[in-house]
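Each remark here refers to the structure printed beneath this line.
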Amino acid sequence: MTRFVESPRSLLLLAGCILCTNAAGFLGSLVTETGPGSWYAEELVKPWFVPPPIAFPIVWTTLFILMGIALYLILRKGLDEKGVRMAAAVFGVQLVLNIAWSVAFFGLQSPLAGLVVILALWCAIAASIWFFYAVEKTAAYLLVPYIAWVSFATLINATILTIN
């Protein structure tokens, strides 16, 4: 059985993967305003099932850490390993789409653009899970909470679009 962190180099890779995914979250947060006086708080009618504001940073931070660990599990196989490059590339696409959703929904203040992007994001996450599973099953399982949350976020986004 292989150890989770095999060397100082693999520890650096793990830290780098977690920092990378959290950097994507940070970039998305730069355009995300939900506090008092914001478009989101003041102008949108939100469905009853939207979680309290404190839930979002807790959930997203947890998800970005899980995503970083999943990426690490893939990359530690080596880019020469069959499927690793494709899995990493698809993962990169979903990270970009994750940031793009924040820009579309909050930056552009467009639930419609947000819905289009989040549907593409959902597909990219599903593809990431598929490609990760072929390389390292545990990495794929670590993305399941992410796709579950994005499924819920898609419902919220679609409902906001419908009721506004």
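Letters for chains follow the order of the structure tokens (A, B, ...), residue numbers begin at 1 for each chain, and ligand numbers begin at 1 in the order shown.
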
**OP:** Find the spatial neighbours of region 45-56 of chain A, counting only C-alpha atoms, within a cut-off of 7 Å - ignore same-chain residues fewer than 5 positions away - and output them as a ChimeraX atom specification.
**Re:** /A:156,159-160,163-164

Considering only C-alpha atoms, return as a PDB file with N, CA and C atoms, in the first residue's frame whatever protein or nucleic-acid residues lie within 10 Å of Gln109 (chain A), sequence-local ones (same chain, fewer than 5 positions apart) excluded.
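Everything below was put into selection_28.pdb:
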```
ATOM      1  N   VAL A  31     -15.282  38.687  -7.203  1.00  0.00           N
ATOM      2  CA  VAL A  31     -16.462  39.310  -7.829  1.00  0.00           C
ATOM      3  C   VAL A  31     -17.767  38.936  -7.125  1.00  0.00           C
ATOM      4  N   THR A  32     -17.652  38.206  -6.030  1.00  0.00           N
ATOM      5  CA  THR A  32     -18.838  37.714  -5.321  1.00  0.00           C
ATOM      6  C   THR A  32     -19.160  38.623  -4.144  1.00  0.00           C
ATOM      7  N   TRP A  39     -26.176  43.636  -4.821  1.00  0.00           N
ATOM      8  CA  TRP A  39     -27.212  43.229  -5.774  1.00  0.00           C
ATOM      9  C   TRP A  39     -27.861  41.931  -5.304  1.00  0.00           C
ATOM     10  N   TYR A  40     -27.052  40.966  -4.894  1.00  0.00           N
ATOM     11  CA  TYR A  40     -27.560  39.667  -4.463  1.00  0.00           C
ATOM     12  C   TYR A  40     -28.477  39.802  -3.246  1.00  0.00           C
ATOM     13  N   LEU A  44     -32.405  40.631  -5.450  1.00  0.00           N
ATOM     14  CA  LEU A  44     -32.891  39.319  -5.880  1.00  0.00           C
ATOM     15  C   LEU A  44     -33.826  38.696  -4.851  1.00  0.00           C
ATOM     16  N   SER A 102     -18.844  32.597 -11.037  1.00  0.00           N
ATOM     17  CA  SER A 102     -18.892  33.774 -10.161  1.00  0.00           C
ATOM     18  C   SER A 102     -18.924  35.059 -10.977  1.00  0.00           C
ATOM     19  N   VAL A 103     -18.129  35.096 -12.024  1.00  0.00           N
ATOM     20  CA  VAL A 103     -18.102  36.281 -12.896  1.00  0.00           C
ATOM     21  C   VAL A 103     -19.456  36.462 -13.575  1.00  0.00           C
ATOM     22  N   ALA A 104     -20.009  35.381 -14.101  1.00  0.00           N
ATOM     23  CA  ALA A 104     -21.294  35.463 -14.819  1.00  0.00           C
ATOM     24  C   ALA A 104     -22.432  35.844 -13.885  1.00  0.00           C
ATOM     25  N   GLY A 114     -25.211  32.946 -15.470  1.00  0.00           N
ATOM     26  CA  GLY A 114     -24.761  32.028 -14.426  1.00  0.00           C
ATOM     27  C   GLY A 114     -25.266  30.621 -14.661  1.00  0.00           C
TER      28      GLY A 114
END
```

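Look at Pro57 (chain A): the protein and nucleic acid residues within 10 Å of it, using only C-alpha atoms and passing over chain neighbours fewer than 4 places away, are A:Gly25, A:Ser29, A:Pro53, A:Thr61, A:Thr62, A:Leu63.
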
Original post:
What is the distance, in Å and to one decimal place, between CA of Leu121 (chain A) and CA of Gly92 (chain A)?
Top reply: 11.1 Å

Subject >> For Leu27 (chain A), the nearest of the candidates A:Ala41, A:Ala100, A:Ile147, A:Tyr141, counting only C-alpha atoms >> reply: A:Ala100

**OP:** Show which residues sit within 12 Å of Tyr133 (chain A), as a VMD selection string. Count only C-alpha atoms, and ignore same-chain residues fewer than 5 positions away.
**Re:** chain A and resid 70 to 71 73 to 74 83 to 84 86 to 87 126 to 128 138 to 144

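Close contacts of Ala120 (chain A), defined as residues with an atom at most 10 Å away when counting only C-alpha atoms, with chain neighbours fewer than 6 positions off set aside, comprise Val93, Gln94, Leu97, Asn98, Trp101, Gly114 and Ala126 of chain A.
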
Resulting file, chosen residues, N, CA and C atoms, as a short mmCIF file (atom, residue, chain, number, x, y, z; two decimals), in the first residue's frame:
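Generated file (result-v5.cif):
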```cif
data_model
loop_
_atom_site.label_atom_id
_atom_site.label_comp_id
_atom_site.auth_asym_id
_atom_site.auth_seq_id
_atom_site.Cartn_x
_atom_site.Cartn_y
_atom_site.Cartn_z
N VAL A 93 -10.21 22.69 -16.71
CA VAL A 93 -11.37 23.31 -17.36
C VAL A 93 -12.46 23.59 -16.33
N GLN A 94 -12.72 22.63 -15.44
CA GLN A 94 -13.77 22.85 -14.45
C GLN A 94 -13.38 23.94 -13.47
N LEU A 97 -14.18 27.15 -15.21
CA LEU A 97 -15.64 27.33 -15.22
C LEU A 97 -16.17 27.71 -13.84
N ASN A 98 -15.54 27.21 -12.81
CA ASN A 98 -15.94 27.57 -11.45
C ASN A 98 -15.77 29.07 -11.23
N TRP A 101 -18.33 31.06 -13.34
CA TRP A 101 -19.69 31.15 -12.80
C TRP A 101 -19.82 32.37 -11.90
N GLY A 114 -25.21 32.95 -15.47
CA GLY A 114 -24.76 32.03 -14.43
C GLY A 114 -25.27 30.62 -14.66
N ALA A 126 -18.52 16.36 -13.84
CA ALA A 126 -18.85 14.96 -14.14
C ALA A 126 -17.75 14.32 -14.98
#
```

Subject >> 12 Å contact set for Ala23 (chain A), only C-alpha atoms, chain neighbours under 3 positions out, as a VMD selection string >> reply: chain A and resid 15 to 20 26 to 30 60 to 61 64 to 65 67 to 68 95 to 96 98 to 99

Keeping N, CA and C atoms for every residue in the selection just given, could you write it to a file as a PDB file, in the first residue's frame?
```
ATOM      1  N   ALA A  15       0.462  20.348  -1.087  1.00  0.00           N
ATOM      2  CA  ALA A  15       0.243  21.745  -0.695  1.00  0.00           C
ATOM      3  C   ALA A  15      -0.029  22.610  -1.925  1.00  0.00           C
ATOM      4  N   GLY A  16       0.721  22.384  -2.981  1.00  0.00           N
ATOM      5  CA  GLY A  16       0.518  23.149  -4.213  1.00  0.00           C
ATOM      6  C   GLY A  16      -0.855  22.923  -4.827  1.00  0.00           C
ATOM      7  N   CYS A  17      -1.318  21.683  -4.805  1.00  0.00           N
ATOM      8  CA  CYS A  17      -2.646  21.369  -5.354  1.00  0.00           C
ATOM      9  C   CYS A  17      -3.750  22.035  -4.534  1.00  0.00           C
ATOM     10  N   ILE A  18      -3.615  21.984  -3.212  1.00  0.00           N
ATOM     11  CA  ILE A  18      -4.617  22.621  -2.350  1.00  0.00           C
ATOM     12  C   ILE A  18      -4.579  24.137  -2.521  1.00  0.00           C
ATOM     13  N   LEU A  19      -3.387  24.707  -2.620  1.00  0.00           N
ATOM     14  CA  LEU A  19      -3.275  26.154  -2.856  1.00  0.00           C
ATOM     15  C   LEU A  19      -3.865  26.542  -4.210  1.00  0.00           C
ATOM     16  N   CYS A  20      -3.623  25.726  -5.223  1.00  0.00           N
ATOM     17  CA  CYS A  20      -4.143  26.003  -6.567  1.00  0.00           C
ATOM     18  C   CYS A  20      -5.665  26.031  -6.586  1.00  0.00           C
ATOM     19  N   PHE A  26     -10.543  31.787  -4.452  1.00  0.00           N
ATOM     20  CA  PHE A  26     -10.266  33.184  -4.120  1.00  0.00           C
ATOM     21  C   PHE A  26     -10.568  34.091  -5.310  1.00  0.00           C
ATOM     22  N   LEU A  27     -10.154  33.685  -6.507  1.00  0.00           N
ATOM     23  CA  LEU A  27     -10.423  34.497  -7.703  1.00  0.00           C
ATOM     24  C   LEU A  27     -11.922  34.679  -7.906  1.00  0.00           C
ATOM     25  N   GLY A  28     -12.680  33.610  -7.734  1.00  0.00           N
ATOM     26  CA  GLY A  28     -14.129  33.717  -7.857  1.00  0.00           C
ATOM     27  C   GLY A  28     -14.724  34.637  -6.808  1.00  0.00           C
ATOM     28  N   SER A  29     -14.148  34.621  -5.617  1.00  0.00           N
ATOM     29  CA  SER A  29     -14.683  35.448  -4.527  1.00  0.00           C
ATOM     30  C   SER A  29     -14.461  36.942  -4.764  1.00  0.00           C
ATOM     31  N   LEU A  30     -13.523  37.278  -5.623  1.00  0.00           N
ATOM     32  CA  LEU A  30     -13.242  38.694  -5.884  1.00  0.00           C
ATOM     33  C   LEU A  30     -14.427  39.421  -6.515  1.00  0.00           C
ATOM     34  N   TRP A  60     -17.545  25.940   0.579  1.00  0.00           N
ATOM     35  CA  TRP A  60     -16.612  26.103  -0.537  1.00  0.00           C
ATOM     36  C   TRP A  60     -15.170  25.841  -0.126  1.00  0.00           C
ATOM     37  N   THR A  61     -14.770  26.293   1.052  1.00  0.00           N
ATOM     38  CA  THR A  61     -13.404  26.018   1.503  1.00  0.00           C
ATOM     39  C   THR A  61     -13.179  24.515   1.640  1.00  0.00           C
ATOM     40  N   PHE A  64     -12.951  23.018  -1.899  1.00  0.00           N
ATOM     41  CA  PHE A  64     -11.683  23.325  -2.578  1.00  0.00           C
ATOM     42  C   PHE A  64     -10.534  22.506  -1.988  1.00  0.00           C
ATOM     43  N   ILE A  65     -10.566  22.241  -0.693  1.00  0.00           N
ATOM     44  CA  ILE A  65      -9.539  21.383  -0.092  1.00  0.00           C
ATOM     45  C   ILE A  65      -9.676  19.954  -0.626  1.00  0.00           C
ATOM     46  N   MET A  67     -10.986  19.072  -3.435  1.00  0.00           N
ATOM     47  CA  MET A  67     -10.575  19.108  -4.838  1.00  0.00           C
ATOM     48  C   MET A  67      -9.051  19.089  -4.957  1.00  0.00           C
ATOM     49  N   GLY A  68      -8.379  19.830  -4.086  1.00  0.00           N
ATOM     50  CA  GLY A  68      -6.919  19.856  -4.103  1.00  0.00           C
ATOM     51  C   GLY A  68      -6.325  18.494  -3.779  1.00  0.00           C
ATOM     52  N   LEU A  95     -12.074  24.088 -13.156  1.00  0.00           N
ATOM     53  CA  LEU A  95     -11.650  25.183 -12.279  1.00  0.00           C
ATOM     54  C   LEU A  95     -11.926  26.535 -12.933  1.00  0.00           C
ATOM     55  N   VAL A  96     -11.622  26.638 -14.219  1.00  0.00           N
ATOM     56  CA  VAL A  96     -11.884  27.882 -14.953  1.00  0.00           C
ATOM     57  C   VAL A  96     -13.381  28.166 -14.980  1.00  0.00           C
ATOM     58  N   ASN A  98     -15.536  27.207 -12.807  1.00  0.00           N
ATOM     59  CA  ASN A  98     -15.937  27.566 -11.447  1.00  0.00           C
ATOM     60  C   ASN A  98     -15.770  29.069 -11.234  1.00  0.00           C
ATOM     61  N   ILE A  99     -14.640  29.593 -11.648  1.00  0.00           N
ATOM     62  CA  ILE A  99     -14.390  31.039 -11.561  1.00  0.00           C
ATOM     63  C   ILE A  99     -15.366  31.785 -12.467  1.00  0.00           C
TER      64      ILE A  99
END
```

**OP:** Identify, with DSSP run on backbone atoms, the residues in chain A assigned to alpha helix (DSSP H), and express the list as a VMD selection string.
**Re:** chain A and resid 8 to 29 39 to 43 55 to 75 84 to 102 111 to 135 137 to 142 144 to 163

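Proximity to Thr21 (chain A) was assessed for A:Phe91, A:Pro36, A:Phe4, A:Glu81 counting only C-alpha atoms; the smallest distance is recorded for A:Phe91.
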
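When only C-alpha atoms are used to compute distances to Arg9 (chain A), the closest of the residues A:Tyr72, A:Thr34, A:Glu42, A:Asp80 turns out to be A:Tyr72.
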
Original post:
With only C-alpha atoms as the atoms that count, which of A:Ile118, A:Val135, A:Leu112, A:Ala24 lies nearest to Thr162 (chain A)?
Top reply: A:Leu112

Subject >> Nearest residue to Val117 (chain A) from the set A:Phe105, A:Glu43, A:Ile129, A:Ile69 (distances using only C-alpha atoms) >> reply: A:Phe105
